[in-house]
Amino acid sequence: MERRIAEILIQELKLENVTPDTFDVNTDLVKELGIDSMDLTTVVLVLQGEYKVKFDEDTYPSLTTVRAIADQIRQLQSTVS
Amino acid sequence: MDLDAKAAAPDKPLAEPAPVTLPEILKRPDIAERFAQVRKYFYLRESTYDMTRRCNLRCDGCYYYEGDKQNTQDNVDPAAWRTLFQAEKARGITFVVLAGAEPALVPELLAACYEEIPLGAIASNGLVRIPASVGYRIHISVWGDDRTSERVRRAKRMLERQIEIYQGDARAIFVYTFTRENIAEAHGVVERLARNGCKVTFNVFSATVGYHGPLRHTPATLAQTRATMLSLLEAYPEEVVFSRYNAAAHTDTLSLHDLYSCPYPRQNRGQFGLGRTFRQYRSDLTWIREAACCVPDTDCADCRHYAAGSAIVTARMNRHIASADQFRAWLDYVDTYLAVWVQGYGKHPNLGTVPISPSLALQTSR
Ligand code: SF4
Ligand code: SF4
């Protein structure tokens, strides 16, 4: 899942010099990559479609790394099923 | 109960329709194209600055001379402003709003700011011309026809003078603020602005904390305001920079905060988006986190201000994906925001054709 999230991030935000395989899942997307809240919201909405889950907007501030996003998706999937 | 439907029902319950997703919505060509256009501006990161305590007018209901933001000492040193803006740029601010009280009275400070961060807008009463070298968007406040302005703002021939000064100036957009008292006058004012080739957008009077005077809206005057906005949008599609969804969002009986949850630090202590980056500086170059929003001292329960909506509604893309039409409405809002605030961004034709209730965004917040 982490690899797919990285792939979507790279694709949606047109990130350069990084591939899904080299993406550090602990990189802080806001502080280290400077990703804006609107771009992060776009990625979240794309992921909602991909994984058929719904993120609570109050959790957006915690979605700052690929790992945190993946953990959140797994948690949402476990509460749905 | 619908008996026909019951008779036709299969043994097993039908699967719920899949929820609409952003990728599905973006398959519509009109939406995909507009989303790509507005998305280029997602990097805009705003803060606001009171440039001076001075003003050449004293209007009833002025929001600047409420609260204690006026009880400060103006910093009039262009070098100090330049240093501040360099620091603002370094912390990622890309868009500045220069306001309170009357920025046109301190052109040398505007010039210093413009040299450091060239994207932004100035809120002005439009009676003193801002030098052409300051390339920010200029918002000129209009509170009614000349008779009303003379009574409320104590300025004679105000609209006439504003038009004389800013006619043909690509930086200028007139902002008509609907109060409880001036709704009918909007037709004449917008007609006059349109005849003179001026662009106009709409604001809704939002009371300051504790204000219960005659300008504060009621549910009935909000409904009248909405109808007037829509008829003017239809009558002057080239000159009126607005959308159906703007009209709906700013005239709902619920405030913008109640509908969309305001992301400014004053209401949002979180570290996401505006909550993390936005500051509202006073004219002495200080700022207070607890008071930080684009219209401090405004009553959040009555906040329908156009500047507030520009951040509040645009930030809530996630609450507008219940249907393609709801997303079109949001895109129209963002397109309007960019055309009103960003110099050089031209308004596109609105995509939305059906009325969308803002309360839908409230329902889809979770
Ligand atoms: S022009 Fe603006 S700042 Fe000046 S008194 Fe009127 S409302 Fe207040
Ligand atoms: S007055 Fe408006 S913009 Fe300011 S904090 Fe309240 S809701 Fe937000």
# chains A, B, ... in the order shown; residues from 1 in each chain; ligands from 1
call {"tool": "select_by_dssp", "arguments": {"residues": "stretch 52-242 of chain B", "states": "helix (DSSP H, G or I)", "output": "PyMOL selection string"}}
result
chain B and resi 78-90+103-105+107-116+146-152+158-166+186-195+219-235
call {"tool": "residues_near_ligand", "arguments": {"ligand": "ligand 1", "cutoff": "8 Å", "atoms": "only C-alpha atoms and all ligand atoms", "output": "number ranges by chain"}}
result
B: 54-65, 100-102, 124-125, 141, 153
call {"tool": "residues_around", "arguments": {"residues": "stretch 23-30 of chain A", "least_positions_apart": "6", "cutoff": "10 Å", "atoms": "only C-alpha atoms", "output": "list in words"}}
result
Glu2, Arg3, Ile5, Ala6, Glu7, Leu9, Ile10, Asn17, Asp36, Ser37, Leu40, Pro61, Leu63, Thr64, Thr65, Val66, Arg67, Ala68, Ile69 and Ala70 of chain A; Phe272 and Gly273 of chain B
call {"tool": "residues_near_ligand", "arguments": {"ligand": "ligand 2", "cutoff": "12 Å", "atoms": "only C-alpha atoms and all ligand atoms", "output": "JSON, numbers by chain"}}
result
{"B": [48, 63, 204, 205, 206, 207, 208, 209, 250, 254, 255, 256, 257, 258, 259, 260, 261, 262, 263, 264, 265, 266, 267, 268, 269, 274, 275, 278, 279, 280, 289, 290, 291, 292, 293, 294, 295, 296, 297, 298, 299, 300, 301, 302, 303, 304, 305, 306, 307, 308, 309, 310, 311, 312, 313]}
call {"tool": "closest_atom_pairs", "arguments": {"of": "chain B", "to": "chain A", "cutoff": "9 Å", "atoms": "only C-alpha atoms", "output": "CSV"}}
result
residue,atom,partner,partner_atom,distance
B:Ala18,CA,A:Lys52,CA,8.6
B:Pro19,CA,A:Lys52,CA,8.0
B:Val20,CA,A:Gly49,CA,7.8
B:Thr21,CA,A:Gly49,CA,4.9
B:Leu22,CA,A:Val46,CA,5.9
B:Pro23,CA,A:Val46,CA,6.1
B:Glu24,CA,A:Gly49,CA,8.1
B:Arg39,CA,A:Asp39,CA,8.4
B:Phe42,CA,A:Met38,CA,6.0
B:Tyr43,CA,A:Asp36,CA,6.3
B:Leu44,CA,A:Asp36,CA,8.7
B:Arg45,CA,A:Asp36,CA,8.5
B:Gly92,CA,A:Gly34,CA,8.9
B:Gly270,CA,A:Pro61,CA,7.3
B:Gln271,CA,A:Pro61,CA,6.4
B:Phe272,CA,A:Pro61,CA,5.1
B:Gly273,CA,A:Ser37,CA,4.9
B:Leu274,CA,A:Ser37,CA,8.4
B:Thr314,CA,A:Met38,CA,8.9
B:Ala315,CA,A:Met38,CA,6.8
B:Arg316,CA,A:Thr41,CA,8.8
B:Met317,CA,A:Thr41,CA,7.6
B:Asn318,CA,A:Leu45,CA,6.8
B:Ile321,CA,A:Leu45,CA,8.8
B:Ser365,CA,A:Glu57,CA,7.1
B:Arg366,CA,A:Asp56,CA,5.5
call {"tool": "atom_distance", "arguments": {"atom1": "atom CA of B:Ala121", "atom2": "atom CA of B:Asp252"}}
result
26.4 Å
call {"tool": "closest_residue", "arguments": {"among": "A:Arg4, A:Tyr51, A:Leu33, A:Gln75", "to": "A:Asp21", "atoms": "only C-alpha atoms"}}
result
A:Arg4
call {"tool": "atom_distance", "arguments": {"atom1": "atom CA of A:Thr22", "atom2": "atom CA of B:Leu26"}}
result
28.8 Å
call {"tool": "closest_residue", "arguments": {"among": "B:Leu105, B:Ile183, B:Leu230, B:Val342", "to": "B:Glu46", "atoms": "only C-alpha atoms"}}
result
B:Val342
call {"tool": "select_by_dssp", "arguments": {"residues": "stretch 19-104 of chain B", "states": "strand (DSSP E)", "output": "compact mmCIF listing (two decimals) with all heavy atoms, in the first residue's frame"}}
result
# COMPACT_ATOMS: atom_id res chain seq x y z
N GLU B 46 -1.63 32.74 1.95
CA GLU B 46 -1.99 34.12 2.21
C GLU B 46 -1.69 34.57 3.64
O GLU B 46 -1.75 33.78 4.59
CB GLU B 46 -3.51 34.22 1.95
CG GLU B 46 -4.20 35.43 2.48
CD GLU B 46 -5.66 35.14 2.88
OE1 GLU B 46 -6.18 34.04 2.66
OE2 GLU B 46 -6.24 36.05 3.47
N SER B 47 -1.36 35.84 3.78
CA SER B 47 -1.43 36.52 5.07
C SER B 47 -1.92 37.94 4.83
O SER B 47 -1.88 38.43 3.68
CB SER B 47 -0.07 36.53 5.78
OG SER B 47 0.09 35.32 6.50
N THR B 48 -2.40 38.61 5.88
CA THR B 48 -2.93 39.96 5.69
C THR B 48 -2.22 40.97 6.60
O THR B 48 -1.69 40.60 7.66
CB THR B 48 -4.45 40.03 5.94
OG1 THR B 48 -4.69 39.83 7.33
CG2 THR B 48 -5.21 38.99 5.15
N TYR B 49 -2.26 42.22 6.18
CA TYR B 49 -1.46 43.26 6.83
C TYR B 49 -2.25 44.56 6.90
O TYR B 49 -2.73 45.05 5.87
CB TYR B 49 -0.16 43.50 6.00
CG TYR B 49 0.56 42.21 5.69
CD1 TYR B 49 0.14 41.40 4.63
CD2 TYR B 49 1.60 41.75 6.49
CE1 TYR B 49 0.74 40.17 4.37
CE2 TYR B 49 2.22 40.53 6.23
CZ TYR B 49 1.78 39.75 5.17
OH TYR B 49 2.38 38.53 4.92
N ASP B 50 -2.40 45.09 8.10
CA ASP B 50 -2.95 46.44 8.23
C ASP B 50 -1.80 47.41 7.99
O ASP B 50 -0.79 47.36 8.71
CB ASP B 50 -3.50 46.66 9.65
CG ASP B 50 -4.81 45.91 9.86
OD1 ASP B 50 -5.46 45.55 8.86
OD2 ASP B 50 -5.18 45.69 11.03
N PHE B 95 1.06 35.23 -1.12
CA PHE B 95 -0.03 36.14 -1.48
C PHE B 95 -0.35 37.03 -0.29
O PHE B 95 -0.57 36.53 0.82
CB PHE B 95 -1.29 35.33 -1.87
CG PHE B 95 -2.36 36.19 -2.48
CD1 PHE B 95 -2.41 36.38 -3.85
CD2 PHE B 95 -3.31 36.82 -1.69
CE1 PHE B 95 -3.39 37.20 -4.42
CE2 PHE B 95 -4.28 37.63 -2.24
CZ PHE B 95 -4.32 37.82 -3.61
N VAL B 96 -0.38 38.35 -0.53
CA VAL B 96 -0.58 39.27 0.59
C VAL B 96 -1.83 40.11 0.36
O VAL B 96 -2.14 40.51 -0.76
CB VAL B 96 0.64 40.20 0.77
CG1 VAL B 96 1.85 39.38 1.21
CG2 VAL B 96 0.96 40.99 -0.49
N VAL B 97 -2.55 40.36 1.44
CA VAL B 97 -3.72 41.25 1.39
C VAL B 97 -3.40 42.46 2.25
O VAL B 97 -3.18 42.32 3.46
CB VAL B 97 -4.99 40.54 1.88
CG1 VAL B 97 -6.18 41.51 1.84
CG2 VAL B 97 -5.29 39.32 1.02
N LEU B 98 -3.34 43.63 1.63
CA LEU B 98 -2.97 44.86 2.34
C LEU B 98 -4.25 45.64 2.60
O LEU B 98 -4.98 45.99 1.67
CB LEU B 98 -1.98 45.68 1.52
CG LEU B 98 -0.78 44.91 0.95
CD1 LEU B 98 0.19 45.87 0.27
CD2 LEU B 98 -0.06 44.11 2.03
N ALA B 99 -4.51 45.88 3.90
CA ALA B 99 -5.79 46.48 4.23
C ALA B 99 -5.61 47.53 5.31
O ALA B 99 -4.56 48.12 5.46
CB ALA B 99 -6.76 45.39 4.68
